[in-house]
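Chemist: Data file my_file-v5.txt (compact mmCIF, C-alpha atoms and all ligand atoms) is appended below.
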```txt
# COMPACT_ATOMS: atom_id res chain seq x y z
CA MET F 155 3.27 -7.54 22.11
CA TYR F 156 0.01 -8.36 23.89
CA GLU F 157 -0.04 -4.87 25.43
CA MET F 158 0.59 -3.23 22.08
CA PHE F 159 -2.25 -5.21 20.54
CA GLN F 160 -4.57 -4.22 23.38
CA HIS F 161 -3.63 -0.59 22.85
CA ALA F 162 -4.36 -0.89 19.11
CA ILE F 163 -7.82 -2.29 19.91
CA TYR F 164 -8.38 0.67 22.23
CA LEU F 165 -7.29 3.13 19.53
CA SER F 166 -9.54 1.48 16.96
CA GLY F 167 -12.48 2.86 18.97
CA SER F 168 -11.61 6.32 17.64
CA PHE F 169 -12.15 5.26 14.04
CA VAL F 170 -15.24 4.47 11.98
CA LEU F 171 -15.57 2.51 8.80
CA GLN F 172 -16.71 5.01 6.24
CA GLU F 173 -16.88 3.28 2.89
CA ALA F 174 -15.68 0.27 0.97
CA TRP F 175 -15.14 -0.59 -2.65
CA PRO F 176 -13.99 -3.70 -4.50
CA SER F 177 -10.58 -3.91 -6.11
CA GLU F 178 -8.66 -6.47 -8.11
CA LEU F 179 -6.94 -7.67 -4.93
CA GLY F 180 -10.00 -7.80 -2.71
CA VAL F 181 -11.84 -4.99 -0.95
CA VAL F 182 -10.57 -1.58 0.09
CA TYR F 183 -12.05 -0.04 3.24
CA MET F 184 -11.77 3.62 4.22
CA VAL F 185 -11.62 4.35 7.94
CA SER F 186 -11.80 7.86 9.40
CA HIS F 187 -11.09 9.33 12.80
CA ILE F 188 -14.32 10.20 14.61
CA TYR F 189 -13.08 13.68 15.51
CA ALA F 190 -11.30 14.36 12.24
CA GLU F 191 -12.31 18.02 12.23
CA ARG F 192 -10.84 18.60 15.71
CA ARG F 193 -7.48 17.04 14.96
CA GLN F 194 -4.39 19.08 14.20
CA ALA F 195 -4.02 19.95 10.54
CA TRP F 196 -0.86 17.82 10.26
CA SER F 197 -2.45 14.76 11.76
CA ARG F 198 -3.76 12.24 9.29
CA THR F 199 -7.36 11.17 9.82
CA GLN F 200 -8.18 8.75 6.98
CA TYR F 201 -6.61 5.43 6.07
CA ARG F 202 -7.29 2.82 3.43
CA VAL F 203 -7.19 -0.80 4.51
CA LEU F 204 -6.96 -3.50 1.89
CA PHE F 205 -8.54 -6.89 2.52
CA ASP F 206 -6.42 -9.14 0.36
CA LYS F 207 -8.69 -11.95 -0.80
CA GLU F 208 -5.83 -14.30 -1.61
CA SER F 209 -4.05 -14.19 1.75
CA ARG F 210 -7.23 -13.25 3.70
CA GLY F 211 -5.13 -10.55 5.40
CA TYR F 212 -5.79 -6.88 6.18
CA LEU F 213 -3.15 -4.36 5.25
CA CYS F 214 -3.31 -0.66 6.02
CA GLU F 215 -1.49 2.13 4.24
CA CYS F 216 -0.29 3.57 7.58
CA GLY F 217 2.54 1.06 7.27
CA LEU F 218 2.59 -0.29 10.83
CA TYR F 219 2.21 -3.86 9.63
CA THR F 220 4.82 -3.41 6.94
CA HIS F 221 7.30 -2.06 9.47
CA MET F 222 6.52 -4.04 12.59
CA GLY F 223 4.41 -6.98 11.53
CA MET F 224 1.69 -5.79 13.88
CA LEU F 225 -1.93 -5.08 12.98
CA CYS F 226 -2.76 -1.39 13.33
CA CYS F 227 -5.89 0.12 14.86
CA HIS F 228 -7.25 0.92 11.37
CA ALA F 229 -7.11 -2.69 10.21
CA ILE F 230 -8.55 -3.77 13.56
CA ARG F 231 -11.42 -1.30 13.09
CA VAL F 232 -12.29 -2.95 9.78
CA MET F 233 -12.03 -6.44 11.27
CA ILE F 234 -14.31 -5.51 14.18
CA ASN F 235 -16.88 -4.03 11.79
CA LEU F 236 -16.82 -7.15 9.67
CA GLY F 237 -17.29 -9.34 12.74
CA VAL F 238 -13.94 -11.10 12.31
CA LYS F 239 -13.49 -13.13 15.50
CA GLU F 240 -9.98 -14.44 15.06
CA ILE F 241 -6.78 -12.84 13.86
CA PRO F 242 -6.26 -14.18 10.33
CA ARG F 243 -3.54 -16.82 10.19
CA VAL F 244 -1.46 -14.72 7.78
CA HIS F 245 -1.00 -12.06 10.48
CA ILE F 246 0.24 -14.44 13.15
CA LEU F 247 3.94 -14.22 12.56
CA ASN F 248 6.46 -16.61 14.00
CA ARG F 249 8.30 -13.71 15.60
CA TRP F 250 5.34 -13.18 17.99
CA MET F 251 5.06 -16.81 19.01
CA LYS F 252 6.45 -18.35 22.18
CA ASN F 253 8.82 -20.53 20.22
CA ALA F 254 9.95 -17.64 18.01
CA CYS F 255 13.61 -18.29 18.72
CA LYS F 256 13.40 -21.87 17.52
CA ASN F 257 11.77 -20.78 14.28
CA LEU F 258 14.09 -17.95 13.39
CA PRO F 259 14.89 -17.76 9.69
CA GLU F 260 18.54 -18.18 8.85
CA HIS F 261 19.27 -14.47 8.45
CA LEU F 262 17.96 -13.82 11.99
CA MET F 263 19.76 -16.68 13.71
CA ILE F 264 22.25 -14.15 15.08
CA TYR F 265 19.58 -13.20 17.65
CA LYS F 266 19.57 -16.67 19.11
CA ALA F 267 21.23 -17.12 22.50
CA GLY F 268 20.98 -13.42 23.23
CA ASN F 269 23.32 -12.27 20.51
CA TYR F 270 23.17 -8.55 20.05
CA ALA F 271 23.29 -7.14 16.56
CA PRO F 272 22.69 -3.40 16.53
CA LYS F 273 23.70 -3.10 12.91
CA ASP F 274 21.04 -5.45 11.63
CA ALA F 275 18.29 -3.58 9.78
CA THR F 276 15.40 -5.53 11.31
CA TYR F 277 16.52 -4.98 14.85
CA ARG F 278 17.56 -1.38 14.32
CA HIS F 279 14.41 -0.36 12.51
CA SER F 280 11.98 -2.13 14.86
CA HIS F 281 13.71 -0.76 17.92
CA LEU F 282 13.59 2.83 16.64
CA TYR F 283 10.00 2.44 15.53
CA SER F 284 8.76 1.09 18.86
CA LYS F 285 10.57 3.85 20.78
CA ALA F 286 9.10 6.50 18.46
CA LEU F 287 5.61 5.11 19.12
CA GLU F 288 6.30 5.20 22.84
CA ILE F 289 7.16 8.91 22.58
CA VAL F 290 3.93 9.58 20.66
CA LYS F 291 1.89 7.74 23.27
CA MET F 292 3.55 9.55 26.19
CA GLY F 293 3.50 12.97 24.52
CA ASP F 294 -0.19 12.70 23.75
CA LYS F 295 -1.21 12.68 27.43
CA ASN F 296 -1.38 16.43 28.06
CA THR F 297 -0.21 19.78 26.66
CA GLU F 298 2.98 19.83 28.73
CA ALA F 299 3.93 16.31 27.69
CA TYR F 300 3.17 17.24 24.08
CA GLY F 301 5.49 20.27 24.29
CA ALA F 302 8.30 18.21 25.82
CA ALA F 303 7.90 15.43 23.25
CA MET F 304 7.92 17.88 20.33
CA LYS F 305 10.98 19.70 21.68
CA HIS F 306 12.98 16.50 21.95
CA LEU F 307 11.81 15.23 18.59
CA LEU F 308 12.83 18.49 16.91
CA ASP F 309 16.20 18.36 18.71
CA ALA F 310 16.64 14.77 17.52
CA ILE F 311 15.87 15.78 13.93
CA ASP F 312 18.46 18.55 14.17
CA VAL F 313 21.15 16.19 15.43
CA LEU F 314 20.27 13.48 12.93
CA LYS F 315 20.55 15.87 10.01
CA ASP F 316 24.30 15.78 10.65
CA THR F 317 24.76 12.18 11.69
CA ASN F 318 22.66 10.44 9.03
CA GLN F 319 24.46 11.80 6.01
CA GLU F 320 26.15 8.52 5.21
CA SER F 321 24.17 5.34 4.70
CA ASP F 322 25.59 1.91 5.54
CA GLY F 323 23.03 0.28 3.25
CA LEU F 324 21.53 -1.75 6.12
CA GLY F 325 18.53 0.52 6.71
CA LEU F 326 15.09 -0.82 5.87
CA GLN F 327 14.61 1.84 3.21
CA ASP F 328 17.89 0.99 1.49
CA GLN F 329 17.22 -2.73 1.68
CA THR F 330 13.68 -2.37 0.36
CA ALA F 331 14.91 -0.25 -2.52
CA ALA F 332 17.55 -2.85 -3.35
CA GLU F 333 14.96 -5.61 -3.15
CA LEU F 334 12.35 -3.99 -5.39
CA SER F 335 11.65 -6.47 -8.11
CA GLY F 336 8.07 -5.71 -9.06
CA SER F 337 6.78 -9.03 -7.75
CA ALA F 338 6.34 -7.94 -4.16
CA MET F 339 3.87 -9.92 -2.11
CA PRO F 340 1.46 -7.36 -0.69
CA ILE F 341 0.87 -9.05 2.65
CA THR F 342 4.45 -9.66 3.69
CA PRO F 343 5.81 -7.24 6.30
CA GLY F 344 8.86 -5.34 5.19
CA ARG F 345 7.83 -5.14 1.56
CA THR F 346 6.29 -2.24 -0.24
CA GLY F 347 3.72 -4.07 -2.34
CA LEU F 348 0.71 -2.49 -0.73
CA ALA F 349 1.52 1.10 -1.55
CA SER F 350 1.76 0.35 -5.25
CA SER F 351 -1.34 -1.83 -5.31
CA MET F 352 -3.26 0.85 -3.39
CA ASN F 353 -2.34 3.41 -6.01
CA VAL F 354 -3.73 1.19 -8.74
CA ILE F 355 -6.89 0.76 -6.73
CA SER F 356 -7.47 4.43 -6.15
CA ARG F 357 -6.97 5.20 -9.84
CA LYS F 358 -9.49 2.53 -10.79
CA ARG F 359 -12.00 4.01 -8.41
CA ASP F 360 -12.16 7.37 -10.16
ZN ZN D 1 -3.19 1.57 9.82
```
As structure tokens - that is how I would like this structure written.
Modeler:
Amino acid sequence: MYEMFQHAIYLSGSFVLQEAWPSELGVVYMVSHIYAERRQAWSRTQYRVLFDKESRGYLCECGLYTHMGMLCCHAIRVMINLGVKEIPRVHILNRWMKNACKNLPEHLMIYKAGNYAPKDATYRHSHLYSKALEIVKMGDKNTEAYGAAMKHLLDAIDVLKDTNQESDGLGLQDQTAAELSGSAMPITPGRTGLASSMNVISRKRD
């Protein structure tokens, strides 16, 4: 976790805070990649980060926090620019603390004492996501590594087209869809509140 956070701080150096505007929920910041024009056409170079005035948290539309509960380099860029010296309390999740196992919520108690639960959505999704990020990091080192990473990713997509036809309903996407109630808390990882509130914000800005 500490290494991932360090890496996110390093990556934040490639972004600049471009503009900001107020919204009903707080302030929206736009961060852009410094070499946006040199990046591949498919690579995204701009992200909106919402500072939620109620929770005092920073949530980016890239979705890293929603999926992994970890601050992304875009949110960190905003925090550095604003001179924020401490990670806001709302972003310090029990799962990252030393005593995480003691504080596990009831639905995650199966992880205690080394229990292995590959079918659980949280475990499955987080594990896939962290491995995917590892591939991106490794494949971005040089042209050869990029070629190898892309080849294996495309192979994986081909295989998965066949094997992912049936859903067991435990995937994060399925669970989020089932959970959608319209009263999502925007700052809670695993919920989709931000995307909808961002849309409202961008409409208001026009
Ligand atoms: Zn982000």
Chemist: Go through F:Gln160, F:Ser166, F:Ser177, F:Asn296 one by one, measure the shortest atom-to-atom distance of each to ligand ZN 1 (chain D) using all atoms listed in the file, and give the residue with the smallest value.
Modeler: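 Using all atoms listed in the file, the shortest distance to ligand ZN 1 (chain D) belongs to F:Ser166.
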Chemist: Give me, as a list in words, all polymer residues having an atom no more than 8 Å from F:Gly211, counting only C-alpha atoms and skipping those fewer than 4 positions away in the same chain.
Modeler: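 After dropping sequence-adjacent residues, the list is Phe205, Asp206, Lys207, Pro242, Val244, His245 and Ile341 of chain F.
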Chemist: My list of candidates is F:His187, F:Lys291, F:His228, F:Arg210. Which is closest to ligand ZN 1 (chain D) when distances are computed with all atoms listed in the file?
Modeler: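 Using all atoms listed in the file, the shortest distance to ligand ZN 1 (chain D) belongs to F:His228.
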Chemist: I'd like to know which of F:Ile246, F:Ile311, F:Met304, F:Ala229 is closest to F:Val182, using only C-alpha atoms.
Modeler: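 When distances to F:Val182 are compared using only C-alpha atoms, the smallest one comes from F:Ala229.
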Chemist: Between F:Ala190, F:Leu179, F:Met158, F:Cys226, single out the one closest to ligand ZN 1 (chain D), counting all atoms listed in the file.
Modeler: F:Cys226
Chemist: Residues within 9 Å of ligand ZN 1 (chain D) should be enumerated using only C-alpha atoms and all ligand atoms and returned as an mmCIF file with C-alpha atoms, keeping the file's coordinate frame.
Modeler:
```cif
data_model
loop_
_atom_site.group_PDB
_atom_site.id
_atom_site.type_symbol
_atom_site.label_atom_id
_atom_site.label_comp_id
_atom_site.auth_asym_id
_atom_site.auth_seq_id
_atom_site.Cartn_x
_atom_site.Cartn_y
_atom_site.Cartn_z
ATOM 1 C CA TYR F 201 -6.610 5.430 6.070
ATOM 2 C CA ARG F 202 -7.290 2.820 3.430
ATOM 3 C CA VAL F 203 -7.190 -0.800 4.510
ATOM 4 C CA LEU F 213 -3.150 -4.360 5.250
ATOM 5 C CA CYS F 214 -3.310 -0.660 6.020
ATOM 6 C CA GLU F 215 -1.490 2.130 4.240
ATOM 7 C CA CYS F 216 -0.290 3.570 7.580
ATOM 8 C CA GLY F 217 2.540 1.060 7.270
ATOM 9 C CA LEU F 218 2.590 -0.290 10.830
ATOM 10 C CA TYR F 219 2.210 -3.860 9.630
ATOM 11 C CA LEU F 225 -1.930 -5.080 12.980
ATOM 12 C CA CYS F 226 -2.760 -1.390 13.330
ATOM 13 C CA CYS F 227 -5.890 0.120 14.860
ATOM 14 C CA HIS F 228 -7.250 0.920 11.370
ATOM 15 C CA ALA F 229 -7.110 -2.690 10.210
ATOM 16 C CA ILE F 230 -8.550 -3.770 13.560
#
```
Chemist: Rounded to one decimal, what separation in Å do you get between atom CA of F:Gly180 and atom CA of F:Leu165?
Modeler: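 Interatomic distance here is 24.9 Å.
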Chemist: Which residue out of F:Thr220, F:Thr317, F:Gln172, F:Ser197 has the minimum interatomic distance to F:Ser280 when all atoms listed in the file are used?
Modeler: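 With all atoms listed in the file as the atom set, the closest residue is F:Thr220.
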Chemist: Can you work out the spacing between atom CA of F:Gly237 and atom CA of F:Tyr183 in Å, to one decimal?
Modeler: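 Separation of atom CA of F:Gly237 and atom CA of F:Tyr183: 14.3 Å.
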Chemist: Distance atom CA of F:Met292-atom CA of F:Arg192, one decimal place?
Modeler: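 Between atom CA of F:Met292 and atom CA of F:Arg192 the gap is 20.0 Å.
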Chemist: Nearest residue to F:Gly167 out of F:Leu308, F:Arg198, F:Tyr300, F:Arg231, using all atoms listed in the file?
Modeler: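 Checking each of F:Leu308, F:Arg198, F:Tyr300, F:Arg231 against F:Gly167, counting all atoms listed in the file, the winner is F:Arg231.
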Chemist: Enclose the full set of atoms of stretch 220-224 of chain F listed in the file within a box whose edges lie along x, y and z, apply 6 Å of padding to each of the six sides, and report centre and edge lengths in Å to one decimal as lines of an AutoDock Vina configuration file.
Modeler:
```
center_x = 4.5
center_y = -4.5
center_z = 10.4
size_x = 17.6
size_y = 16.9
size_z = 18.9
```
